[in-house]
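Undergrad: My structure is in input_20.tsv, and what it holds is TSV, C-alpha atoms:
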chain	number	residue	atom	x	y	z
P	631	MET	CA	-0.87	-13.53	83.45
P	632	ARG	CA	2.19	-14.39	81.38
P	633	ILE	CA	2.27	-18.14	80.72
P	634	LEU	CA	5.38	-19.77	79.22
P	635	ILE	CA	4.80	-23.15	77.58
P	636	ASP	CA	7.48	-25.66	76.60
P	637	MET	CA	7.14	-27.61	73.32
P	638	ASP	CA	8.60	-31.11	73.52
P	639	ASP	CA	6.49	-33.53	75.57
P	640	VAL	CA	4.19	-30.68	76.58
P	641	LEU	CA	2.71	-29.66	73.21
P	642	ALA	CA	4.53	-32.05	70.85
P	643	ASP	CA	4.93	-35.76	71.51
P	644	ALA	CA	8.68	-36.21	71.11
P	645	VAL	CA	8.69	-39.46	73.12
P	646	GLU	CA	6.62	-41.11	70.37
P	647	ARG	CA	9.27	-40.13	67.80
P	648	PHE	CA	11.91	-41.96	69.87
P	649	PHE	CA	9.72	-45.09	69.82
P	650	GLU	CA	9.07	-44.72	66.10
P	651	TRP	CA	12.76	-44.35	65.13
P	652	TYR	CA	13.82	-47.12	67.50
P	653	GLU	CA	11.30	-49.47	65.87
P	654	ARG	CA	12.63	-48.41	62.46
P	655	ASP	CA	16.20	-49.23	63.56
P	656	PHE	CA	15.68	-52.31	65.75
P	657	GLY	CA	12.19	-53.67	65.03
P	658	ILE	CA	10.86	-53.28	68.58
P	659	ARG	CA	8.05	-50.84	69.41
P	660	TYR	CA	7.93	-49.44	72.90
P	661	THR	CA	5.10	-47.44	74.49
P	662	LYS	CA	5.04	-44.85	77.27
P	663	ALA	CA	3.82	-47.54	79.69
P	664	ASP	CA	7.20	-49.28	79.24
P	665	ILE	CA	9.30	-46.39	80.57
P	666	PRO	CA	7.78	-45.05	83.82
P	667	GLY	CA	10.19	-42.68	85.56
P	668	LYS	CA	12.78	-43.00	82.78
P	669	HIS	CA	14.06	-41.40	79.65
P	670	PHE	CA	13.86	-43.84	76.76
P	671	TYR	CA	17.64	-44.06	76.32
P	672	GLN	CA	17.90	-45.34	79.90
P	673	ILE	CA	16.01	-48.56	79.14
P	674	VAL	CA	17.56	-49.58	75.80
P	675	PRO	CA	20.62	-51.89	75.66
P	676	ASP	CA	23.93	-50.13	76.37
P	677	GLU	CA	25.06	-50.54	72.75
P	678	HIS	CA	22.00	-48.57	71.54
P	679	LYS	CA	22.16	-45.68	74.02
P	680	GLN	CA	24.48	-43.46	72.00
P	681	LEU	CA	22.37	-43.79	68.86
P	682	VAL	CA	19.11	-43.16	70.72
P	683	ARG	CA	20.56	-40.07	72.39
P	684	SER	CA	21.62	-38.79	68.96
P	685	TYR	CA	18.09	-38.99	67.49
P	686	PRO	CA	17.00	-35.42	68.36
P	687	HIS	CA	20.25	-34.09	66.87
P	688	GLN	CA	19.38	-35.68	63.52
P	689	LYS	CA	17.45	-33.95	60.75
P	690	GLY	CA	13.72	-34.60	60.78
P	691	PHE	CA	13.35	-35.67	64.41
P	692	PHE	CA	11.02	-32.75	65.23
P	693	LYS	CA	9.11	-32.77	61.94
P	694	ASP	CA	5.37	-33.57	62.08
P	695	LEU	CA	5.41	-34.70	65.71
P	696	PRO	CA	1.99	-35.73	67.06
P	697	VAL	CA	0.20	-33.04	69.09
P	698	ILE	CA	-0.33	-33.90	72.77
P	699	GLN	CA	-4.02	-34.56	73.42
P	700	ASP	CA	-6.20	-31.46	73.94
P	701	ALA	CA	-3.16	-29.15	73.75
P	702	LYS	CA	-4.37	-27.24	70.71
P	703	GLU	CA	-7.85	-26.47	71.99
P	704	THR	CA	-6.68	-25.53	75.48
P	705	VAL	CA	-3.78	-23.35	74.37
P	706	GLU	CA	-6.09	-21.52	71.98
P	707	VAL	CA	-8.48	-20.78	74.85
P	708	LEU	CA	-5.61	-19.69	77.12
P	709	SER	CA	-4.15	-17.47	74.41
P	710	ARG	CA	-7.33	-15.40	74.39
P	711	MET	CA	-7.21	-14.79	78.15
P	712	HIS	CA	-3.49	-14.61	78.94
P	713	GLU	CA	-0.16	-13.39	77.60
P	714	LEU	CA	1.19	-16.62	76.22
P	715	TYR	CA	4.66	-17.58	74.95
P	716	ILE	CA	6.07	-20.81	73.58
P	717	VAL	CA	9.57	-21.26	75.00
P	718	SER	CA	11.56	-24.17	73.60
P	719	ALA	CA	15.15	-25.06	74.46
P	720	ALA	CA	15.68	-25.68	70.75
P	721	MET	CA	19.27	-24.41	70.70
P	722	GLU	CA	20.60	-27.82	71.72
P	723	PHE	CA	19.31	-29.25	68.42
P	724	LYS	CA	20.58	-27.27	65.46
P	725	TYR	CA	18.34	-29.02	62.93
P	726	SER	CA	15.18	-28.49	64.95
P	727	PHE	CA	14.44	-24.82	64.31
P	728	THR	CA	12.58	-24.89	61.01
P	729	ASP	CA	10.71	-28.09	61.89
P	730	LYS	CA	9.59	-26.59	65.20
P	731	TYR	CA	8.59	-23.29	63.62
P	732	GLU	CA	6.57	-24.97	60.86
P	733	TRP	CA	4.99	-27.29	63.42
P	734	LEU	CA	3.77	-24.26	65.36
P	735	ASP	CA	2.53	-22.66	62.12
P	736	GLU	CA	0.54	-25.81	61.34
P	737	HIS	CA	-0.92	-26.70	64.74
P	738	PHE	CA	-0.78	-23.41	66.67
P	739	PRO	CA	-1.18	-20.72	63.98
P	740	PHE	CA	-2.68	-18.37	66.58
P	741	ILE	CA	0.74	-18.23	68.30
P	742	HIS	CA	2.30	-15.20	66.56
P	743	TRP	CA	6.05	-15.24	65.86
P	744	LYS	CA	6.38	-12.53	68.51
P	745	GLN	CA	5.19	-15.17	71.03
P	746	ARG	CA	7.88	-17.73	70.14
P	747	ILE	CA	11.26	-18.16	71.82
P	748	PHE	CA	13.96	-20.71	70.98
P	749	CYS	CA	16.64	-20.58	73.63
P	750	GLY	CA	19.35	-22.59	75.27
P	751	ASN	CA	18.76	-21.73	78.88
P	752	LYS	CA	15.26	-20.79	80.07
P	753	HIS	CA	16.31	-18.99	83.25
P	754	LEU	CA	16.59	-15.70	81.35
P	755	VAL	CA	12.97	-15.65	80.27
P	756	LYS	CA	10.55	-13.75	82.45
P	757	GLY	CA	7.05	-15.09	83.07
P	758	ASP	CA	4.49	-15.81	85.77
P	759	VAL	CA	4.00	-19.51	85.03
P	760	LEU	CA	6.16	-22.07	83.22
P	761	ILE	CA	4.64	-25.36	82.04
P	762	ASP	CA	7.52	-27.74	81.31
P	763	ASP	CA	8.49	-31.39	81.61
P	764	HIS	CA	12.10	-30.98	82.79
P	765	ASP	CA	13.47	-30.31	86.24
P	766	PHE	CA	16.45	-28.39	84.79
P	767	ASN	CA	14.01	-25.81	83.38
P	768	LEU	CA	11.47	-25.79	86.22
P	769	SER	CA	14.04	-25.56	89.02
P	770	VAL	CA	15.58	-22.29	87.78
P	771	PHE	CA	12.30	-20.58	86.88
P	772	PRO	CA	11.69	-17.58	89.14
P	773	GLY	CA	7.87	-17.70	88.72
P	774	ARG	CA	5.41	-20.57	89.35
P	775	PRO	CA	6.79	-23.76	87.82
P	776	ILE	CA	4.30	-26.46	86.77
P	777	VAL	CA	5.40	-29.90	85.64
P	778	PHE	CA	3.50	-31.38	82.69
P	779	THR	CA	3.41	-35.15	83.10
P	780	ALA	CA	5.69	-37.19	80.86
P	781	PRO	CA	7.17	-40.66	81.56
P	782	HIS	CA	10.52	-39.27	82.74
P	783	ASN	CA	9.01	-36.89	85.33
P	784	ILE	CA	6.31	-38.93	87.09
P	785	HIS	CA	8.46	-39.02	90.25
P	786	TYR	CA	8.90	-35.23	90.52
P	787	LYS	CA	7.44	-34.11	93.83
P	788	GLU	CA	8.65	-30.50	93.96
P	789	TYR	CA	6.16	-28.89	91.59
P	790	GLU	CA	2.48	-28.39	90.94
P	791	ARG	CA	1.51	-30.90	88.27
P	792	MET	CA	-0.70	-31.02	85.21
P	793	ASN	CA	-1.33	-34.50	83.85
P	794	THR	CA	-3.35	-33.37	80.83
P	795	TRP	CA	-4.30	-30.24	78.93
P	796	LEU	CA	-7.87	-30.61	80.24
P	797	GLU	CA	-6.44	-30.27	83.76
P	798	ALA	CA	-4.50	-27.24	82.56
P	799	LYS	CA	-7.70	-25.69	81.21
P	800	ASN	CA	-9.43	-26.15	84.57
P	801	PHE	CA	-6.38	-24.85	86.42
P	802	PHE	CA	-6.30	-21.54	84.54
P	803	GLU	CA	-10.06	-21.06	84.30
P	804	GLY	CA	-11.04	-17.96	86.17
P	805	MET	CA	-7.45	-16.88	86.83
P	806	PRO	CA	-6.72	-13.21	86.22
J	134	MET	CA	27.17	-8.55	84.52
J	135	ARG	CA	24.71	-10.13	82.09
J	136	ILE	CA	25.17	-8.59	78.64
J	137	LEU	CA	22.66	-9.29	75.87
J	138	ILE	CA	23.92	-8.70	72.33
J	139	ASP	CA	21.80	-8.42	69.20
J	140	MET	CA	23.03	-10.01	65.94
J	141	ASP	CA	21.95	-8.07	62.85
J	142	ASP	CA	23.83	-4.80	62.38
J	143	VAL	CA	25.54	-5.30	65.73
J	144	LEU	CA	27.57	-8.47	65.10
J	145	ALA	CA	26.55	-9.29	61.52
J	146	ASP	CA	26.45	-6.75	58.72
J	147	ALA	CA	22.93	-7.25	57.35
J	148	VAL	CA	22.86	-3.80	55.72
J	149	GLU	CA	25.62	-4.92	53.35
J	150	ARG	CA	23.47	-7.89	52.27
J	151	PHE	CA	20.68	-5.46	51.30
J	152	PHE	CA	23.16	-3.52	49.14
J	153	GLU	CA	24.51	-6.72	47.62
J	154	TRP	CA	21.09	-8.14	46.67
J	155	TYR	CA	19.87	-4.77	45.40
J	156	GLU	CA	22.93	-4.55	43.13
J	157	ARG	CA	22.22	-8.11	41.94
J	158	ASP	CA	18.60	-7.13	41.11
J	159	PHE	CA	19.01	-3.55	39.83
J	160	GLY	CA	22.69	-3.02	39.04
J	161	ILE	CA	23.21	-0.16	41.51
J	162	ARG	CA	25.52	-0.51	44.53
J	163	TYR	CA	24.75	1.63	47.55
J	164	THR	CA	26.96	2.15	50.60
J	165	LYS	CA	26.16	3.01	54.20
J	166	ALA	CA	27.12	6.64	53.51
J	167	ASP	CA	24.12	6.86	51.15
J	168	ILE	CA	21.51	6.11	53.82
J	169	PRO	CA	22.15	8.23	56.94
J	170	GLY	CA	19.19	8.08	59.31
J	171	LYS	CA	17.29	5.68	57.06
J	172	HIS	CA	16.50	2.07	56.47
J	173	PHE	CA	17.56	1.05	52.96
J	174	TYR	CA	14.00	0.39	51.78
J	175	GLN	CA	13.16	4.01	52.55
J	176	ILE	CA	15.49	5.39	49.88
J	177	VAL	CA	14.79	3.02	46.97
J	178	PRO	CA	12.11	3.83	44.37
J	179	ASP	CA	8.55	3.07	45.49
J	180	GLU	CA	8.24	0.19	43.04
J	181	HIS	CA	11.26	-1.56	44.65
J	182	LYS	CA	10.26	-1.13	48.30
J	183	GLN	CA	8.19	-4.28	48.61
J	184	LEU	CA	10.91	-6.45	47.12
J	185	VAL	CA	13.63	-4.90	49.29
J	186	ARG	CA	11.53	-5.41	52.42
J	187	SER	CA	11.07	-9.06	51.44
J	188	TYR	CA	14.83	-9.76	51.22
J	189	PRO	CA	15.32	-10.89	54.85
J	190	HIS	CA	12.32	-13.22	54.51
J	191	GLN	CA	14.03	-15.03	51.61
J	192	LYS	CA	16.28	-18.05	51.99
J	193	GLY	CA	19.99	-17.24	52.23
J	194	PHE	CA	19.70	-13.61	53.33
J	195	PHE	CA	21.48	-14.28	56.65
J	196	LYS	CA	24.00	-16.79	55.30
J	197	ASP	CA	27.70	-15.81	55.47
J	198	LEU	CA	27.06	-12.18	56.44
J	199	PRO	CA	30.21	-10.11	57.00
J	200	VAL	CA	31.22	-9.72	60.66
J	201	ILE	CA	31.08	-6.16	62.00
J	202	GLN	CA	34.62	-4.84	62.55
J	203	ASP	CA	36.29	-5.89	65.83
J	204	ALA	CA	33.11	-7.67	66.99
J	205	LYS	CA	34.69	-11.10	67.23
J	206	GLU	CA	37.74	-10.06	69.26
J	207	THR	CA	35.77	-7.83	71.63
J	208	VAL	CA	32.94	-10.29	72.24
J	209	GLU	CA	35.49	-13.02	72.96
J	210	VAL	CA	37.14	-10.79	75.58
J	211	LEU	CA	33.75	-9.84	77.09
J	212	SER	CA	32.63	-13.48	77.18
J	213	ARG	CA	35.52	-14.27	79.54
J	214	MET	CA	34.55	-11.52	81.99
J	215	HIS	CA	30.76	-11.39	81.81
J	216	GLU	CA	27.65	-13.54	81.42
J	217	LEU	CA	26.98	-13.05	77.75
J	218	TYR	CA	23.98	-13.95	75.57
J	219	ILE	CA	23.25	-13.45	71.90
J	220	VAL	CA	19.60	-12.41	71.56
J	221	SER	CA	18.27	-12.18	68.02
J	222	ALA	CA	14.70	-11.37	66.99
J	223	ALA	CA	15.02	-14.15	64.42
J	224	MET	CA	11.40	-15.30	64.71
J	225	GLU	CA	10.27	-12.72	62.16
J	226	PHE	CA	12.37	-14.50	59.52
J	227	LYS	CA	11.53	-18.18	59.33
J	228	TYR	CA	14.42	-19.06	57.02
J	229	SER	CA	17.01	-17.31	59.16
J	230	PHE	CA	17.46	-19.80	62.01
J	231	THR	CA	19.95	-22.29	60.61
J	232	ASP	CA	21.95	-19.59	58.81
J	233	LYS	CA	22.19	-17.55	62.01
J	234	TYR	CA	23.11	-20.56	64.11
J	235	GLU	CA	25.83	-21.70	61.69
J	236	TRP	CA	27.10	-18.13	61.44
J	237	LEU	CA	27.56	-18.06	65.21
J	238	ASP	CA	29.25	-21.48	65.09
J	239	GLU	CA	31.68	-20.17	62.49
J	240	HIS	CA	32.50	-16.72	63.83
J	241	PHE	CA	31.62	-16.95	67.53
J	242	PRO	CA	32.27	-20.60	68.42
J	243	PHE	CA	32.92	-19.59	72.05
J	244	ILE	CA	29.23	-18.64	72.36
J	245	HIS	CA	27.74	-21.91	73.62
J	246	TRP	CA	24.23	-22.89	72.46
J	247	LYS	CA	23.07	-22.23	76.01
J	248	GLN	CA	23.99	-18.57	75.41
J	249	ARG	CA	21.84	-18.19	72.26
J	250	ILE	CA	18.27	-16.94	72.10
J	251	PHE	CA	16.10	-16.52	69.00
J	252	CYS	CA	12.94	-14.70	69.96
J	253	GLY	CA	10.19	-12.53	68.60
J	254	ASN	CA	9.94	-9.96	71.32
J	255	LYS	CA	12.98	-9.11	73.45
J	256	HIS	CA	11.09	-7.60	76.38
J	257	LEU	CA	10.86	-11.02	78.07
J	258	VAL	CA	14.60	-11.54	78.26
J	259	LYS	CA	16.30	-10.51	81.48
J	260	GLY	CA	19.71	-8.86	81.42
J	261	ASP	CA	21.73	-5.96	82.76
J	262	VAL	CA	22.76	-4.47	79.42
J	263	LEU	CA	21.31	-4.78	75.90
J	264	ILE	CA	23.41	-3.78	72.89
J	265	ASP	CA	21.01	-3.39	69.96
J	266	ASP	CA	20.41	-1.22	66.89
J	267	HIS	CA	16.61	-0.89	67.12
J	268	ASP	CA	14.49	1.44	69.20
J	269	PHE	CA	11.69	-1.15	69.42
J	270	ASN	CA	14.07	-3.46	71.30
J	271	LEU	CA	15.95	-0.85	73.33
J	272	SER	CA	12.85	1.06	74.47
J	273	VAL	CA	11.25	-1.95	76.20
J	274	PHE	CA	14.43	-3.27	77.81
J	275	PRO	CA	14.24	-3.00	81.60
J	276	GLY	CA	18.04	-2.86	82.05
J	277	ARG	CA	20.61	-0.49	80.54
J	278	PRO	CA	19.95	-0.13	76.80
J	279	ILE	CA	22.88	0.77	74.55
J	280	VAL	CA	22.43	1.61	70.88
J	281	PHE	CA	25.04	0.23	68.50
J	282	THR	CA	25.46	2.65	65.62
J	283	ALA	CA	23.92	1.68	62.28
J	284	PRO	CA	22.74	4.00	59.51
J	285	HIS	CA	19.08	3.84	60.57
J	286	ASN	CA	19.76	4.83	64.20
J	287	ILE	CA	22.23	7.71	64.00
J	288	HIS	CA	19.51	10.13	65.13
J	289	TYR	CA	18.60	8.20	68.32
J	290	LYS	CA	19.20	10.50	71.30
J	291	GLU	CA	17.63	8.46	74.09
J	292	TYR	CA	20.35	5.89	74.68
J	293	GLU	CA	24.00	5.50	75.51
J	294	ARG	CA	25.78	4.79	72.24
J	295	MET	CA	28.57	2.56	70.98
J	296	ASN	CA	29.85	3.44	67.52
J	297	THR	CA	32.31	0.55	67.28
J	298	TRP	CA	33.28	-2.65	69.07
J	299	LEU	CA	36.51	-0.97	70.18
J	300	GLU	CA	34.36	1.59	72.01
J	301	ALA	CA	32.40	-1.29	73.48
J	302	LYS	CA	35.60	-2.90	74.71
J	303	ASN	CA	36.66	0.32	76.46
J	304	PHE	CA	33.16	0.77	77.88
J	305	PHE	CA	33.09	-2.61	79.60
J	306	GLU	CA	36.74	-2.65	80.65
J	307	GLY	CA	36.99	-2.73	84.40
J	308	MET	CA	33.24	-3.16	84.88
J	309	PRO	CA	32.27	-5.79	87.47
Kindly present the structure from the file in structure tokens form.

TA:
Amino acid sequence: MRILIDMDDVLADAVERFFEWYERDFGIRYTKADIPGKHFYQIVPDEHKQLVRSYPHQKGFFKDLPVIQDAKETVEVLSRMHELYIVSAAMEFKYSFTDKYEWLDEHFPFIHWKQRIFCGNKHLVKGDVLIDDHDFNLSVFPGRPIVFTAPHNIHYKEYERMNTWLEAKNFFEGMP
Amino acid sequence: MRILIDMDDVLADAVERFFEWYERDFGIRYTKADIPGKHFYQIVPDEHKQLVRSYPHQKGFFKDLPVIQDAKETVEVLSRMHELYIVSAAMEFKYSFTDKYEWLDEHFPFIHWKQRIFCGNKHLVKGDVLIDDHDFNLSVFPGRPIVFTAPHNIHYKEYERMNTWLEAKNFFEGMP
């Protein structure tokens, strides 16, 4: 089975970087429990929205992001049983490429460069399963789309869901 | 029609960068006429092969490459008539991403980031036509593969061929 896996908020905890930079800039630390059903920029004061939305376009945003719990161990197991690709819509963020690549080298060294795709639009990429946190990627995927739980997607009803990488491990166990 | 276009030696003249760096290192300037049917590393002395093969892995190799003749004008025309994507196997070269992205911004600003893909293996990317210089990309493409002439591919017999971007323009003219 060919499994496509998104990076941000599926393997790498980008939401935490928003909280970290916002605390740096405004002295207030948010947590994921504060933003159910929302993107972070939606809950900050209007005068901060533009800055917060610019964070991922700034240098260093994607550097050394925390790894989502159990992602590394599960993806390593899956990579031995399935044809696995990391597919990140990195093209929106021109300073993200090297940080993302080095992050994969550090935390997912078993993902060969031949298994990495940085794209703009994921609807061109062929696979059996896509694990992603965004409706705009999942909705155009011609295979089996699976939403990976993040604060901004808890209300999605249209897709199979994985809340954790342990659930993902169980889901794929025994699949051909 | 969805047209996928490779970068190196299709839009960007990477072969010239090999000649330029080899001249910098060894004082001898080669031209494309010197390497029919070959990759450049195949014709240099054995003791230089490893260094020459390392060039594209070094920082700056892909920066400010010359644009292949008539590429810009033709691709701009095609982009108005077709669904067009730039698909580069950039993942092999971890220092290439930003240089390649900025090169597209400079010379092909009409190619939106949503139309850019940096991948390892092109066989996952869906399209109707692929214009590429390498057999390892063309041979696995499920659509219509078209070889764009470069010194190392002049002996390919298996594919439709475009020698120039003017030929490409004529080829696609009037296509749906």

Undergrad: Which neighbours of Trp154 (chain J) fall inside 8 Å, counting all atoms listed in the file, when residues of the same chain fewer than 4 positions from it are skipped, and could you give them as an mmCIF file with C-alpha atoms, keeping the file's coordinate frame?

TA:
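Saved file result.cif follows:
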data_model
loop_
_atom_site.group_PDB
_atom_site.id
_atom_site.type_symbol
_atom_site.label_atom_id
_atom_site.label_comp_id
_atom_site.auth_asym_id
_atom_site.auth_seq_id
_atom_site.Cartn_x
_atom_site.Cartn_y
_atom_site.Cartn_z
ATOM 1 C CA ARG J 150 23.470 -7.890 52.270
ATOM 2 C CA ASP J 158 18.600 -7.130 41.110
ATOM 3 C CA TYR J 188 14.830 -9.760 51.220
#

Undergrad: Sort by chain and increasing residue number a table of all residues of region 651-679 of chain P within 9 Å of region 767-783 of chain P, each with its closest pair of atoms and their distance in Å to one decimal, counting all atoms listed in the file, and write it as a tab-separated table.

TA:
residue	atom	partner	partner_atom	distance
P:Lys662	CA	P:Pro781	CA	6.4
P:Ala663	CA	P:Pro781	CA	7.9
P:Asp664	CA	P:Pro781	CA	8.9
P:Ile665	CA	P:Pro781	CA	6.2
P:Pro666	CA	P:Pro781	CA	5.0
P:Gly667	CA	P:His782	CA	4.4
P:Lys668	CA	P:His782	CA	4.4
P:His669	CA	P:His782	CA	5.2
P:Phe670	CA	P:His782	CA	8.2

Undergrad: Please identify every residue of chain P that has at least one atom no farther than 12 Å from an atom of chain J, counting only C-alpha atoms, and for each give the shortest atom pair and the distance in Å to one decimal, arranged by chain then increasing number, as a Markdown table.

TA:
| residue | atom | partner | partner_atom | distance |
| --- | --- | --- | --- | --- |
| P:Arg632 | CA | J:Leu257 | CA | 9.9 |
| P:Ile633 | CA | J:Leu257 | CA | 11.5 |
| P:Leu634 | CA | J:Leu257 | CA | 10.4 |
| P:Lys689 | CA | J:Thr231 | CA | 11.9 |
| P:Glu713 | CA | J:Leu257 | CA | 11.3 |
| P:Leu714 | CA | J:Leu257 | CA | 11.3 |
| P:Tyr715 | CA | J:Leu257 | CA | 9.6 |
| P:Ile716 | CA | J:Cys252 | CA | 9.9 |
| P:Val717 | CA | J:Cys252 | CA | 8.9 |
| P:Ser718 | CA | J:Ile250 | CA | 10.0 |
| P:Ala719 | CA | J:Lys247 | CA | 8.6 |
| P:Ala720 | CA | J:Trp246 | CA | 9.2 |
| P:Met721 | CA | J:Trp246 | CA | 5.5 |
| P:Glu722 | CA | J:Trp246 | CA | 6.2 |
| P:Phe723 | CA | J:Trp246 | CA | 9.0 |
| P:Lys724 | CA | J:Thr231 | CA | 7.0 |
| P:Tyr725 | CA | J:Thr231 | CA | 7.3 |
| P:Ser726 | CA | J:Thr231 | CA | 8.9 |
| P:Phe727 | CA | J:Phe230 | CA | 6.3 |
| P:Thr728 | CA | J:Lys227 | CA | 7.0 |
| P:Asp729 | CA | J:Lys227 | CA | 10.3 |
| P:Lys730 | CA | J:Lys227 | CA | 10.4 |
| P:Tyr731 | CA | J:Lys227 | CA | 7.3 |
| P:Glu732 | CA | J:Lys227 | CA | 8.5 |
| P:Trp733 | CA | J:Lys227 | CA | 11.9 |
| P:Leu734 | CA | J:Lys227 | CA | 11.6 |
| P:Asp735 | CA | J:Lys227 | CA | 10.4 |
| P:Ile741 | CA | J:Gly253 | CA | 11.0 |
| P:His742 | CA | J:Gly253 | CA | 8.6 |
| P:Trp743 | CA | J:Met224 | CA | 5.5 |
| P:Lys744 | CA | J:Gly253 | CA | 3.8 |
| P:Gln745 | CA | J:Gly253 | CA | 6.2 |
| P:Arg746 | CA | J:Gly253 | CA | 5.9 |
| P:Ile747 | CA | J:Cys252 | CA | 4.3 |
| P:Phe748 | CA | J:Phe251 | CA | 5.1 |
| P:Cys749 | CA | J:Ile250 | CA | 4.3 |
| P:Gly750 | CA | J:Lys247 | CA | 3.8 |
| P:Asn751 | CA | J:Lys247 | CA | 5.2 |
| P:Lys752 | CA | J:Lys247 | CA | 8.9 |
| P:His753 | CA | J:Lys259 | CA | 8.7 |
| P:Leu754 | CA | J:Lys259 | CA | 5.2 |
| P:Val755 | CA | J:Val258 | CA | 4.9 |
| P:Lys756 | CA | J:Leu257 | CA | 5.2 |
| P:Gly757 | CA | J:Leu257 | CA | 7.5 |
| P:Asp758 | CA | J:Leu257 | CA | 11.1 |
| P:Pro772 | CA | J:Lys259 | CA | 11.4 |

Undergrad: Enclose all atoms of region 210-227 of chain J listed in the file in an axis-aligned box, grow every side by 4 Å, and hand back centre and edge lengths in Å to one decimal, as AutoDock Vina command-line options.

TA:
--center_x 23.7 --center_y -14.0 --center_z 70.7 --size_x 34.9 --size_y 16.3 --size_z 30.7

Undergrad: Take CA of Gln680 (chain P) and CA of Tyr652 (chain P) and report the distance between them in Å, one decimal.

TA: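 These atoms are spaced 12.1 Å apart.
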
Undergrad: Please write as a list in words the list of polymer residues whose atoms come within 12 Å of (36.4, -9.9, 68.7), counting only C-alpha atoms and keeping to the coordinates of the file.

TA: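 In the file's frame, the residues around the point are Leu144, Val200, Ile201, Gln202, Asp203, Ala204, Lys205, Glu206, Thr207, Val208, Glu209, Val210, Leu211, Ser212, Arg213, His240, Phe241, Pro242, Phe243, Ile244, Thr297, Trp298, Leu299, Ala301 and Lys302 of chain J.
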
Undergrad: Quick one, how far is CA of Val682 (chain P) from CA of Tyr660 (chain P)?

TA: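 About the pair CA of Val682 (chain P) and CA of Tyr660 (chain P): they are 13.0 Å apart.
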
Undergrad: Return the single residue from P:Lys787, P:Arg683, P:Asp638, P:Val759 that is closest to Pro696 (chain P), with distances computed using only C-alpha atoms.

TA: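 Among P:Lys787, P:Arg683, P:Asp638, P:Val759, it is P:Asp638 that comes nearest to Pro696 (chain P).
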
Undergrad: Please compute the CA of Leu681 (chain P)-CA of Leu695 (chain P) distance, one decimal, in Å.

TA: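 Computing the Euclidean distance for CA of Leu681 (chain P) and CA of Leu695 (chain P) yields 19.5 Å.
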
Undergrad: Ranking P:Asp765, P:Ala642, P:His785, P:Met805 by minimum distance to Asp694 (chain P) and counting only C-alpha atoms, which one comes first?

TA: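 Closest residue, counting only C-alpha atoms: P:Ala642.
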